[in-house]
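Structure data (mmCIF, C-alpha atoms) from structure_3.cif:
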data_target
loop_
_atom_site.label_atom_id
_atom_site.label_comp_id
_atom_site.auth_asym_id
_atom_site.auth_seq_id
_atom_site.Cartn_x
_atom_site.Cartn_y
_atom_site.Cartn_z
CA MET A 1 0.00 0.00 0.00
CA ASP A 2 1.26 3.48 -0.79
CA VAL A 3 1.08 5.90 2.12
CA LYS A 4 1.82 9.52 1.26
CA VAL A 5 1.26 11.19 4.66
CA PRO A 6 3.94 10.32 7.26
CA LEU A 7 1.44 10.21 10.13
CA PHE A 8 -0.68 7.66 8.26
CA TYR A 9 2.40 5.64 7.32
CA SER A 10 3.24 5.19 10.99
CA LEU A 11 -0.35 4.24 11.82
CA CYS A 12 -0.56 1.72 8.97
CA LYS A 13 2.78 0.13 9.83
CA THR A 14 1.85 -0.15 13.51
CA TYR A 15 -1.53 -1.65 12.58
CA LEU A 16 0.09 -4.30 10.38
CA LEU A 17 2.74 -5.16 12.95
CA GLU A 18 0.24 -5.47 15.80
CA GLN A 19 -2.77 -7.00 14.00
CA TYR A 20 -2.08 -10.55 15.24
CA VAL A 21 -1.26 -9.46 18.77
CA ARG A 22 -4.73 -7.94 19.05
CA ARG A 23 -6.47 -10.89 17.40
CA ASP A 24 -4.58 -13.67 19.22
CA ALA A 25 -4.46 -12.16 22.73
CA ASN A 26 -6.43 -15.03 24.30
CA LEU A 27 -4.51 -17.86 22.61
CA PRO A 28 -1.70 -19.81 24.28
CA PRO A 29 1.72 -18.30 23.41
CA GLU A 30 2.66 -21.15 21.07
CA TYR A 31 -0.31 -20.25 18.83
CA GLN A 32 0.09 -16.48 18.87
CA GLU A 33 1.25 -14.88 15.64
CA HIS A 34 3.57 -11.89 15.72
CA TYR A 35 6.11 -10.12 13.54
CA GLN A 36 9.84 -10.02 14.32
CA ALA A 37 12.32 -7.79 12.52
CA LEU A 38 14.64 -9.60 10.13
CA ASP A 39 18.28 -9.40 11.19
CA THR A 40 19.24 -8.41 7.66
CA PRO A 41 16.39 -6.72 5.79
CA PRO A 42 16.27 -7.20 2.01
CA GLN A 43 18.25 -4.70 -0.02
CA GLY A 44 16.38 -1.48 -0.68
CA THR A 45 13.90 -1.82 2.19
CA ALA A 46 13.89 0.48 5.20
CA ALA A 47 12.81 -2.46 7.40
CA ALA A 48 11.43 -5.96 7.00
CA TYR A 49 9.66 -8.35 9.34
CA GLN A 50 8.81 -12.05 9.34
CA CYS A 51 5.69 -13.47 10.95
CA TYR A 52 6.04 -16.17 13.60
CA MET A 53 3.55 -18.46 15.28
CA GLY A 54 5.01 -18.85 18.74
CA ALA A 55 8.67 -19.59 18.03
CA GLU A 56 8.10 -21.04 14.55
CA PRO A 57 8.78 -18.81 11.53
CA MET A 58 6.04 -18.58 8.94
CA ASN A 59 6.33 -17.77 5.25
CA GLN A 60 4.81 -14.33 5.72
CA TYR A 61 6.69 -11.03 5.57
CA LEU A 62 6.14 -7.30 5.89
CA PHE A 63 8.44 -5.08 3.79
CA CYS A 64 8.66 -1.37 4.57
CA TRP A 65 9.96 1.43 2.37
CA ASP A 66 9.82 5.18 2.90
CA SER A 67 6.34 5.59 1.45
CA HIS A 68 4.83 2.13 1.06
CA LEU A 69 4.31 -1.18 2.81
CA ALA A 70 3.85 -4.68 1.41
CA GLU A 71 2.60 -7.74 3.26
CA LEU A 72 3.61 -10.97 1.51
CA TRP A 73 2.65 -14.64 1.88
CA PHE A 74 4.54 -17.51 0.27
CA ASP A 75 3.96 -21.26 0.06
CA GLU A 76 7.55 -22.14 0.97
CA PRO A 77 10.41 -20.55 2.93
CA LEU A 78 12.45 -18.00 0.97
CA THR A 79 16.19 -17.61 0.82
CA ALA A 80 17.85 -14.22 1.40
CA ALA A 81 18.37 -13.93 -2.38
CA GLN A 82 14.66 -14.56 -3.02
CA LEU A 83 13.71 -11.94 -0.38
CA ASN A 84 16.02 -9.46 -2.10
CA THR A 85 14.43 -10.21 -5.48
CA ALA A 86 10.91 -9.80 -4.10
CA ALA A 87 11.88 -6.50 -2.45
CA ALA A 88 13.48 -5.20 -5.66
CA ILE A 89 10.36 -6.03 -7.70
CA LEU A 90 7.99 -4.49 -5.16
CA ALA A 91 10.12 -1.36 -4.58
CA ASP A 92 9.16 -0.10 -8.04
CA ALA A 93 5.53 -1.24 -7.87
#
Go ahead and render the structure in this file as structure tokens.
Amino acid sequence: MDVKVPLFYSLCKTYLLEQYVRRDANLPPEYQEHYQALDTPPQGTAAAYQCYMGAEPMNQYLFCWDSHLAELWFDEPLTAAQLNTAAAILADA
């Protein structure tokens, strides 16, 4: 999603990062989904996060740039090179 107003960008990013925390608050910790920052975000992104269920990583990511956000779901785990490719394609979208 493109977000042109900085205040709204912060609100949208916070909403996406916290959506599962709000939804899963009553679940046992091992079933709660949450985003964790990637140690090395894909090239060209300002930040990137991977979704986890408890301690298990999922194939879901949130990429952040200066003016847009992208939430991605994949069928299989991605390598760092594949994350970089996805980020490069989406950066110009």
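With distances taken over all atoms listed in the file, A:Leu69 is the one residue among A:Phe8, A:Leu69, A:Thr14, A:His34 lying closest to Asp92 (chain A).
The residue that comes closest to Gln19 (chain A), out of A:Thr40, A:Thr85, A:Thr79, A:Gln32 and on the basis of all atoms listed in the file, is A:Gln32.
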Report as a list in words all protein, DNA and RNA residues lying within 10 Å of His68 (chain A), evaluated on only C-alpha atoms, omitting residues in the same chain fewer than 5 positions from it.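 That gives Met1, Asp2, Val3, Lys4, Tyr9, Cys12, Lys13, Thr45, Phe63, Leu90, Ala91 and Ala93 of chain A.
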How many Å separate CA of Leu78 (chain A) from CA of Asn59 (chain A)?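 Computing it gives 7.5 Å between the two atoms.
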Please evaluate the PyMOL selection byres ((chain A and resi 43) around 8) against the structure above and give the resulting residues as a PyMOL selection string. chain A and resi 41-42+44-45+84+87-88
Correct to one decimal, the distance CA of Cys51 (chain A)-CA of Val21 (chain A) is 11.2 Å
Written as a ChimeraX atom specification, what is the full residue list that the PyMOL selection byres ((chain A and resi 48) around 9) yields on the file shown? /A:36-42,45-47,49-50,61-65
Write out, as a tab-separated table (two decimals), in the frame of the given file, the residues just selected, with C-alpha atoms.
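What landed in part17.tsv:
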chain	number	residue	atom	x	y	z
A	36	GLN	CA	9.84	-10.02	14.32
A	37	ALA	CA	12.32	-7.79	12.52
A	38	LEU	CA	14.64	-9.60	10.13
A	39	ASP	CA	18.28	-9.40	11.19
A	40	THR	CA	19.24	-8.41	7.66
A	41	PRO	CA	16.39	-6.72	5.79
A	42	PRO	CA	16.27	-7.20	2.01
A	45	THR	CA	13.90	-1.82	2.19
A	46	ALA	CA	13.89	0.48	5.20
A	47	ALA	CA	12.81	-2.46	7.40
A	49	TYR	CA	9.66	-8.35	9.34
A	50	GLN	CA	8.81	-12.05	9.34
A	61	TYR	CA	6.69	-11.03	5.57
A	62	LEU	CA	6.14	-7.30	5.89
A	63	PHE	CA	8.44	-5.08	3.79
A	64	CYS	CA	8.66	-1.37	4.57
A	65	TRP	CA	9.96	1.43	2.37
When distances are computed from all atoms listed in the file, which of A:Leu11, A:Ile89, A:Ala80, A:Met53 shows the smallest separation from Glu33 (chain A)? A:Met53
Under the rule of at most 10 Å, produce a per-residue listing of region 40-80 of chain A near region 25-30 of chain A: chain, number, name, the closest pair of atoms, and the distance in Å, as a Markdown table, using all atoms listed in the file.
| residue | atom | partner | partner_atom | distance |
| --- | --- | --- | --- | --- |
| A:Tyr52 | CA | A:Glu30 | CA | 9.6 |
| A:Met53 | CA | A:Glu30 | CA | 6.4 |
| A:Gly54 | CA | A:Glu30 | CA | 4.0 |
| A:Ala55 | CA | A:Glu30 | CA | 6.9 |
| A:Glu56 | CA | A:Glu30 | CA | 8.5 |
CA of Glu76 (chain A) and CA of Gln60 (chain A), how far apart in Å?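 Atom-to-atom, CA of Gln60 (chain A) and CA of Glu76 (chain A) are spaced 9.5 Å apart.
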